[in-house]
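Q: One structure follows; several queries about it will come next.
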Amino acid sequence: TPAYRYARYPRRIRRWPCQRKQMFVKFKDLGWQSWIIAPDGFQAFYCEGECQFPLAAHMNATNHAIVQTLVHLMNPKQAPSPGCAPTKLGAQSVLYFDDNLNVVLQKFPMMIVKSCGCH
Amino acid sequence: TPAYRYARYPRRIRRWPCQRKQMFVKFKDLGWQSWIIAPDGFQAFYCEGECQFPLAAHMNATNHAIVQTLVHLMNPKQAPSPGCAPTKLGAQSVLYFDDNLNVVLQKFPMMIVKSCGCH
Amino acid sequence: HIPDNDNINDINFHTGSRPSPSDELPIPPLHENPDRAFDPSPQDLDYKANRKMLGKKFDRNFMQVVKPLEHIFHPDGMLNIRFRKGRPKGRRPEFIKDFGHKISFGDDIVKKLGVDKRTKKLMQKYLWNYTYCPLIYKWKDLGIRFWPRWIKEGSCYKGRSCSIPPGMQCKTKSSKPITLLRWHCKDWNTDRKCSWIEIQYPIITECACSC
Amino acid sequence: HIPDNDNINDINFHTGSRPSPSDELPIPPLHENPDRAFDPSPQDLDYKANRKMLGKKFDRNFMQVVKPLEHIFHPDGMLNIRFRKGRPKGRRPEFIKDFGHKISFGDDIVKKLGVDKRTKKLMQKYLWNYTYCPLIYKWKDLGIRFWPRWIKEGSCYKGRSCSIPPGMQCKTKSSKPITLLRWHCKDWNTDRKCSWIEIQYPIITECACSC
């Protein structure tokens, strides 16, 4: 389908390799200040960028990503290149209203991107 | 930059949600028949699709993906939607030529996509 | 499916659209917005008024308004061990009670301990001590936006491995919440009136040996 | 940086462009292309010729050409335990040798075992048996493209937990390769001549208790 090809064959321009980028999240912007007491926001980061052959060592590519990269190179119609995704995530403590409307301090796992890679 | 916007704002068309798709890999197609004795290929699968709000339960979204989805919804310029990536990967046994040119049977982890999710 | 007792703040109500917490301890320190406008002023730190607000929930064993003496004498914490008759105080773990039974591999190979009852009890006592995971209590300053600001945190003793063979470590088993006051400005807007709200802070109360 | 001894097949030479194996055992079964054109024909299965090809590498303890009797009598495998003087044959583990020392928490709390040397040895022997992870040997048919096709695979006994407190399990510790023949058609092309090649197949030889 045309849309499919559209997504797969973007204009031949220079693209950034898979990397971690900043994304400061303000809970007020998400409408979450009603259930989150503290903090008021945090640096969550996100991952974005290309996963093209050859994959650099720091890309922490899985075996599957290495295979998919090569399949895409040999035949872009068969599969897209792997996605740039978090390889390591850290936790964040949050003071918030729980189900019983008590304000509790708890750990929220996998909130902050520590590193990105090709997956 | 125009390219950046290009990648972020694709044409408004119906897109498939994040899911697992088939990708049968023939080692001969990758030029790997010289170092891999067996098997001759395998079903590796891959992940592709959209991660848009609200994320369905089976998307196995991390906390970070939930946050990023909402940030993207509120302000697409600040971050893209999370990527569709493997959440579970399985191993594959391979008979291959090792560094010493012996043919050995070993387990190659994270070769086959078992499930996909938003990450 | 919207439940009858529809609580818009219920985290489960928003499954998929809100992040989920975990019960794991310890928790990383809360990250504080450095803007001092969000701090309580001296008049908000009145001991009598705040003490009255907490009421019975004030637990002097776990919270103090000024830097505790114990923190000055034991800045790295104090081991919380209590022994009774040479072994840890408290209920005997199941695996200690079961220790000494016949070992069997398959159908016909069986190995016994081969000692009298008294010696077996000595061994059980030794293993109980060996696998025991004591708590360490350490005073911590939570900062000016908490009242009282000093709390006694629990953590698990991490020295040698607590198992035979070695490999397992002492980790959190149980916790309980203590009640504190938190200075909060609604919507993080200093034009709004800020006030003290009651919050629950988790304290580790028990450790156990696990992988 | 291209090394002097440049081996184009060296997996490290292609880091990032080739998948990497792991040493973990056991390995999942090899997936076979079902096309029978890739099978050896009866004349390729000549015992004398193939036996000569393997030469000294043929190990009758671990490989057989026809279904072994042991497999008929013990289809679920056989426990491979050898005891000597009431405890497992082999070197005494370090943690058994060290067992019974004073337990200390911090500076001043010390707990002793409090038994005589003979009783301590009885206790060590018991714990050695308790934490012992025996091998299970089971014959497996690898299919017609391997020669010999029956091999004796090792696996780790998975019954009760092997640790005190419970939590750890018997897992692979060591392995060794056995040499077999594999029927291989170059480039998986049946127009090409197929032949037997020597391959190494990993057998688990030792298990140990771990998390």
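Labels used: A, B, ... for chains in the order of the structure tokens, numbers from 1 for residues in each chain, and numbers from 1 for ligands as shown.
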Quick one: everything within 10 Å of Phe83 (chain D), counting only C-alpha atoms, minus sequence neighbours fewer than 4 positions away in the same chain. Send it as a list in words.
A: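 What passes the distance filter is Ile109 of chain C; Arg87, Pro88, Lys89, Gly90 and Asn129 of chain D.
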Q: Grab the residues selected above and save them as a PDB file, in the first residue's frame with N, CA, C and O atoms.
A:
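Output (result-v7.pdb):
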ATOM      1  N   ILE C 109      17.988 -43.613  47.239  1.00  0.00           N
ATOM      2  CA  ILE C 109      19.135 -43.024  47.926  1.00  0.00           C
ATOM      3  C   ILE C 109      18.639 -42.063  48.995  1.00  0.00           C
ATOM      4  O   ILE C 109      17.914 -41.117  48.719  1.00  0.00           O
TER       5      ILE C 109
ATOM      6  N   ARG D  87      28.974 -39.345  51.497  1.00  0.00           N
ATOM      7  CA  ARG D  87      28.765 -38.014  50.915  1.00  0.00           C
ATOM      8  C   ARG D  87      29.210 -38.036  49.453  1.00  0.00           C
ATOM      9  O   ARG D  87      29.845 -38.985  49.005  1.00  0.00           O
ATOM     10  N   PRO D  88      28.839 -37.006  48.656  1.00  0.00           N
ATOM     11  CA  PRO D  88      29.080 -37.065  47.209  1.00  0.00           C
ATOM     12  C   PRO D  88      30.565 -37.221  46.894  1.00  0.00           C
ATOM     13  O   PRO D  88      31.434 -36.644  47.561  1.00  0.00           O
ATOM     14  N   LYS D  89      30.836 -38.022  45.875  1.00  0.00           N
ATOM     15  CA  LYS D  89      32.205 -38.236  45.438  1.00  0.00           C
ATOM     16  C   LYS D  89      32.715 -36.940  44.806  1.00  0.00           C
ATOM     17  O   LYS D  89      31.989 -36.260  44.067  1.00  0.00           O
ATOM     18  N   GLY D  90      33.952 -36.600  45.118  1.00  0.00           N
ATOM     19  CA  GLY D  90      34.495 -35.387  44.514  1.00  0.00           C
ATOM     20  C   GLY D  90      35.032 -34.429  45.552  1.00  0.00           C
ATOM     21  O   GLY D  90      34.998 -34.694  46.753  1.00  0.00           O
ATOM     22  N   ASN D 129      25.443 -33.155  51.384  1.00  0.00           N
ATOM     23  CA  ASN D 129      24.420 -33.945  50.696  1.00  0.00           C
ATOM     24  C   ASN D 129      23.212 -33.088  50.334  1.00  0.00           C
ATOM     25  O   ASN D 129      22.634 -33.222  49.262  1.00  0.00           O
TER      26      ASN D 129
END
Q: Could you name the residues that touch region 52-60 of chain B at 7 Å or less, counting only C-alpha atoms, but leaving out those on the same chain fewer than 6 positions away, as a list in words?
A: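 Residues near the query, excluding close chain neighbours: Thr69, Leu70, Ser81, Gly117 and Cys118 of chain B; Gly16 and Ser17 of chain C.
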Q: Need the shell around region 27-43 of chain B: protein/DNA/RNA residues with any atom at most 7 Å away, counting only C-alpha atoms. Skip same-chain ones fewer than 2 positions apart. Format as a VMD selection string?
A: (chain A and resid 70 to 71) or (chain B and resid 22 to 25 45 94 to 97) or (chain D and resid 9 31 to 33 187 to 188)
Q: Apply DSSP to the structure's backbone, then extract all residues of region 122-178 of chain C labelled helix (DSSP H, G or I) and return them as a list in words.
A: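 Everything in region 122-178 of chain C that counts as helix (DSSP H, G or I) is Leu122, Met123, Gln124, Lys125, Tyr126, Leu127, Trp128, Asn129 and Tyr130 of chain C.
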Q: Give me a file of those residues, with all heavy atoms, as an mmCIF file, in the first residue's frame.
A:
data_model
loop_
_atom_site.group_PDB
_atom_site.id
_atom_site.type_symbol
_atom_site.label_atom_id
_atom_site.label_comp_id
_atom_site.auth_asym_id
_atom_site.auth_seq_id
_atom_site.Cartn_x
_atom_site.Cartn_y
_atom_site.Cartn_z
ATOM 1 N N LEU C 122 20.888 -27.694 68.322
ATOM 2 C CA LEU C 122 22.037 -26.790 68.284
ATOM 3 C C LEU C 122 22.325 -26.350 66.852
ATOM 4 O O LEU C 122 22.631 -25.186 66.582
ATOM 5 C CB LEU C 122 23.287 -27.483 68.837
ATOM 6 C CG LEU C 122 23.522 -27.405 70.339
ATOM 7 C CD1 LEU C 122 24.716 -28.266 70.721
ATOM 8 C CD2 LEU C 122 23.765 -25.964 70.789
ATOM 9 N N MET C 123 22.228 -27.313 65.928
ATOM 10 C CA MET C 123 22.450 -27.012 64.524
ATOM 11 C C MET C 123 21.386 -26.060 63.997
ATOM 12 O O MET C 123 21.701 -25.117 63.252
ATOM 13 C CB MET C 123 22.417 -28.300 63.703
ATOM 14 C CG MET C 123 23.562 -29.235 63.990
ATOM 15 S SD MET C 123 23.420 -30.672 62.919
ATOM 16 C CE MET C 123 24.829 -31.617 63.453
ATOM 17 N N GLN C 124 20.135 -26.318 64.376
ATOM 18 C CA GLN C 124 19.052 -25.448 63.920
ATOM 19 C C GLN C 124 19.271 -24.018 64.423
ATOM 20 O O GLN C 124 19.068 -23.048 63.691
ATOM 21 C CB GLN C 124 17.697 -25.982 64.398
ATOM 22 C CG GLN C 124 17.243 -27.209 63.628
ATOM 23 C CD GLN C 124 15.933 -27.768 64.169
ATOM 24 O OE1 GLN C 124 15.549 -27.474 65.296
ATOM 25 N NE2 GLN C 124 15.246 -28.569 63.370
ATOM 26 N N LYS C 125 19.720 -23.908 65.658
ATOM 27 C CA LYS C 125 19.955 -22.587 66.232
ATOM 28 C C LYS C 125 21.063 -21.868 65.465
ATOM 29 O O LYS C 125 20.952 -20.691 65.127
ATOM 30 C CB LYS C 125 20.323 -22.713 67.717
ATOM 31 C CG LYS C 125 20.337 -21.374 68.450
ATOM 32 C CD LYS C 125 20.347 -21.552 69.958
ATOM 33 C CE LYS C 125 21.764 -21.637 70.492
ATOM 34 N NZ LYS C 125 21.790 -21.599 71.982
ATOM 35 N N TYR C 126 22.124 -22.611 65.151
ATOM 36 C CA TYR C 126 23.231 -22.023 64.408
ATOM 37 C C TYR C 126 22.760 -21.536 63.030
ATOM 38 O O TYR C 126 23.050 -20.421 62.599
ATOM 39 C CB TYR C 126 24.366 -23.035 64.242
ATOM 40 C CG TYR C 126 25.540 -22.502 63.463
ATOM 41 C CD1 TYR C 126 26.563 -21.804 64.112
ATOM 42 C CD2 TYR C 126 25.634 -22.675 62.085
ATOM 43 C CE1 TYR C 126 27.650 -21.307 63.400
ATOM 44 C CE2 TYR C 126 26.710 -22.174 61.379
ATOM 45 C CZ TYR C 126 27.713 -21.487 62.038
ATOM 46 O OH TYR C 126 28.780 -20.991 61.327
ATOM 47 N N LEU C 127 22.011 -22.380 62.326
ATOM 48 C CA LEU C 127 21.528 -22.008 60.993
ATOM 49 C C LEU C 127 20.559 -20.838 61.067
ATOM 50 O O LEU C 127 20.519 -19.990 60.172
ATOM 51 C CB LEU C 127 20.858 -23.213 60.324
ATOM 52 C CG LEU C 127 21.821 -24.270 59.793
ATOM 53 C CD1 LEU C 127 21.062 -25.506 59.356
ATOM 54 C CD2 LEU C 127 22.645 -23.723 58.639
ATOM 55 N N TRP C 128 19.778 -20.804 62.120
ATOM 56 C CA TRP C 128 18.849 -19.693 62.309
ATOM 57 C C TRP C 128 19.643 -18.397 62.409
ATOM 58 O O TRP C 128 19.322 -17.400 61.757
ATOM 59 C CB TRP C 128 18.021 -19.941 63.567
ATOM 60 C CG TRP C 128 16.862 -19.006 63.779
ATOM 61 C CD1 TRP C 128 16.599 -17.831 63.141
ATOM 62 C CD2 TRP C 128 15.828 -19.165 64.738
ATOM 63 N NE1 TRP C 128 15.456 -17.254 63.622
ATOM 64 C CE2 TRP C 128 14.965 -18.051 64.624
ATOM 65 C CE3 TRP C 128 15.537 -20.141 65.695
ATOM 66 C CZ2 TRP C 128 13.827 -17.894 65.423
ATOM 67 C CZ3 TRP C 128 14.426 -19.982 66.486
ATOM 68 C CH2 TRP C 128 13.576 -18.864 66.349
ATOM 69 N N ASN C 129 20.701 -18.407 63.222
ATOM 70 C CA ASN C 129 21.548 -17.223 63.336
ATOM 71 C C ASN C 129 22.226 -16.903 62.012
ATOM 72 O O ASN C 129 22.357 -15.742 61.636
ATOM 73 C CB ASN C 129 22.624 -17.438 64.413
ATOM 74 C CG ASN C 129 22.050 -17.353 65.815
ATOM 75 O OD1 ASN C 129 21.129 -16.569 66.065
ATOM 76 N ND2 ASN C 129 22.565 -18.158 66.723
ATOM 77 N N TYR C 130 22.665 -17.974 61.314
ATOM 78 C CA TYR C 130 23.411 -17.761 60.075
ATOM 79 C C TYR C 130 22.553 -17.097 59.004
ATOM 80 O O TYR C 130 23.010 -16.231 58.261
ATOM 81 C CB TYR C 130 23.941 -19.110 59.555
ATOM 82 C CG TYR C 130 24.936 -18.959 58.431
ATOM 83 C CD1 TYR C 130 26.301 -18.869 58.687
ATOM 84 C CD2 TYR C 130 24.506 -18.890 57.102
ATOM 85 C CE1 TYR C 130 27.216 -18.725 57.655
ATOM 86 C CE2 TYR C 130 25.417 -18.737 56.075
ATOM 87 C CZ TYR C 130 26.756 -18.653 56.355
ATOM 88 O OH TYR C 130 27.667 -18.493 55.342
#
Q: Go through B:Cys51, B:Cys116, B:Ala44, B:Val104 one by one, measure the shortest atom-to-atom distance of each to chain A using only C-alpha atoms, and give the residue with the smallest value.
A: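 That would be B:Ala44, the residue with the smallest distance to chain A.
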Q: With a cut-off of 8 Å, could you pull out the residues of chain C touching chain D and give me the nearest pair of atoms for each, distance in Å to one decimal, using only C-alpha atoms, ordered by chain and ascending number, as a Markdown table?
A:
| residue | atom | partner | partner_atom | distance |
| --- | --- | --- | --- | --- |
| C:Leu79 | CA | D:Gly106 | CA | 7.3 |
| C:Gly86 | CA | D:Lys111 | CA | 7.5 |
| C:Phe95 | CA | D:Pro165 | CA | 6.3 |
| C:Ile103 | CA | D:Tyr130 | CA | 6.5 |
| C:Gly106 | CA | D:Leu79 | CA | 7.4 |
| C:Lys111 | CA | D:Asn129 | CA | 7.3 |
| C:Lys112 | CA | D:Tyr126 | CA | 7.1 |
| C:Leu113 | CA | D:Tyr126 | CA | 5.6 |
| C:Gly114 | CA | D:Leu122 | CA | 7.5 |
| C:Val115 | CA | D:Thr119 | CA | 7.7 |
| C:Thr119 | CA | D:Val115 | CA | 7.7 |
| C:Leu122 | CA | D:Leu113 | CA | 7.2 |
| C:Met123 | CA | D:Leu113 | CA | 7.1 |
| C:Tyr126 | CA | D:Leu113 | CA | 5.5 |
| C:Asn129 | CA | D:Lys111 | CA | 7.2 |
| C:Tyr130 | CA | D:Ile103 | CA | 6.5 |
| C:Thr131 | CA | D:Pro165 | CA | 7.0 |
| C:Ser163 | CA | D:Ile164 | CA | 5.6 |
| C:Ile164 | CA | D:Ile164 | CA | 5.2 |
| C:Pro165 | CA | D:Ser163 | CA | 6.0 |
| C:Pro166 | CA | D:Phe95 | CA | 7.3 |
| C:Gly167 | CA | D:Cys211 | CA | 6.3 |
| C:Met168 | CA | D:Cys211 | CA | 7.0 |
| C:Cys209 | CA | D:Pro165 | CA | 7.1 |
| C:Ser210 | CA | D:Gly167 | CA | 6.4 |
| C:Cys211 | CA | D:Cys211 | CA | 5.5 |
Q: Got time to write the residues from that selection, C-alpha atoms, as an mmCIF file, in the first residue's frame?
A:
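This went into out00.cif:
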data_model
loop_
_atom_site.group_PDB
_atom_site.id
_atom_site.type_symbol
_atom_site.label_atom_id
_atom_site.label_comp_id
_atom_site.auth_asym_id
_atom_site.auth_seq_id
_atom_site.Cartn_x
_atom_site.Cartn_y
_atom_site.Cartn_z
ATOM 1 C CA LEU C 79 22.091 -2.685 63.905
ATOM 2 C CA GLY C 86 21.086 -17.297 71.767
ATOM 3 C CA PHE C 95 12.864 -24.042 56.947
ATOM 4 C CA ILE C 103 17.485 -36.234 52.128
ATOM 5 C CA GLY C 106 15.109 -40.543 43.496
ATOM 6 C CA LYS C 111 20.917 -39.596 53.587
ATOM 7 C CA LYS C 112 20.225 -38.915 57.217
ATOM 8 C CA LEU C 113 21.590 -36.335 59.599
ATOM 9 C CA GLY C 114 22.493 -38.911 62.204
ATOM 10 C CA VAL C 115 22.651 -36.873 65.414
ATOM 11 C CA THR C 119 22.542 -31.700 68.748
ATOM 12 C CA LEU C 122 22.037 -26.790 68.284
ATOM 13 C CA MET C 123 22.450 -27.012 64.524
ATOM 14 C CA TYR C 126 23.231 -22.023 64.408
ATOM 15 C CA ASN C 129 21.548 -17.223 63.336
ATOM 16 C CA TYR C 130 23.411 -17.761 60.075
ATOM 17 C CA THR C 131 20.410 -17.037 57.843
ATOM 18 C CA SER C 163 22.488 -18.690 52.548
ATOM 19 C CA ILE C 164 24.169 -22.065 52.274
ATOM 20 C CA PRO C 165 25.533 -22.350 49.630
ATOM 21 C CA PRO C 166 26.313 -18.612 49.357
ATOM 22 C CA GLY C 167 24.313 -16.680 46.731
ATOM 23 C CA MET C 168 21.275 -15.192 48.452
ATOM 24 C CA CYS C 209 17.175 -13.946 52.877
ATOM 25 C CA SER C 210 16.345 -14.338 49.184
ATOM 26 C CA CYS C 211 17.777 -14.605 45.669
#
Q: If you count only C-alpha atoms, which residues fall within 8 Å of Pro202 (chain D), apart from same-chain ones fewer than 5 positions away, as a PDB file with N, CA, C and O atoms, in the first residue's frame?
A:
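Here's the written file out-v6.pdb:
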ATOM      1  N   LEU B 105      27.474 -26.415  18.158  1.00  0.00           N
ATOM      2  CA  LEU B 105      26.054 -26.139  18.351  1.00  0.00           C
ATOM      3  C   LEU B 105      25.927 -25.282  19.610  1.00  0.00           C
ATOM      4  O   LEU B 105      26.384 -25.676  20.682  1.00  0.00           O
ATOM      5  N   GLN B 106      25.348 -24.089  19.453  1.00  0.00           N
ATOM      6  CA  GLN B 106      25.208 -23.198  20.598  1.00  0.00           C
ATOM      7  C   GLN B 106      23.876 -22.468  20.564  1.00  0.00           C
ATOM      8  O   GLN B 106      23.222 -22.356  19.515  1.00  0.00           O
TER       9      GLN B 106
ATOM     10  N   SER D 175      30.342 -27.954  31.264  1.00  0.00           N
ATOM     11  CA  SER D 175      29.943 -28.782  30.132  1.00  0.00           C
ATOM     12  C   SER D 175      31.189 -29.177  29.368  1.00  0.00           C
ATOM     13  O   SER D 175      32.266 -28.615  29.570  1.00  0.00           O
ATOM     14  N   LYS D 176      31.042 -30.139  28.505  1.00  0.00           N
ATOM     15  CA  LYS D 176      32.143 -30.543  27.631  1.00  0.00           C
ATOM     16  C   LYS D 176      31.561 -30.879  26.278  1.00  0.00           C
ATOM     17  O   LYS D 176      30.391 -31.268  26.171  1.00  0.00           O
ATOM     18  N   PRO D 177      32.321 -30.730  25.191  1.00  0.00           N
ATOM     19  CA  PRO D 177      31.785 -31.063  23.881  1.00  0.00           C
ATOM     20  C   PRO D 177      32.068 -32.526  23.532  1.00  0.00           C
ATOM     21  O   PRO D 177      33.122 -33.062  23.887  1.00  0.00           O
ATOM     22  N   ILE D 178      31.103 -33.168  22.887  1.00  0.00           N
ATOM     23  CA  ILE D 178      31.372 -34.481  22.282  1.00  0.00           C
ATOM     24  C   ILE D 178      31.370 -34.283  20.776  1.00  0.00           C
ATOM     25  O   ILE D 178      30.733 -33.358  20.261  1.00  0.00           O
TER      26      ILE D 178
END
Q: Using only C-alpha atoms, which chain B residues lie at most 10 Å away from chain A, written as JSON, numbers by chain?
A: {"B": [3, 4, 6, 7, 10, 11, 12, 13, 14, 15, 21, 22, 23, 24, 25, 26, 27, 29, 30, 31, 44, 45, 46, 47, 48, 62, 63, 64, 65, 66, 67, 68, 70, 71, 73, 74, 75, 78, 79, 80, 81, 82, 83, 84, 85, 86, 87, 89, 90, 91, 108, 109, 110, 111, 112, 113, 118, 119]}
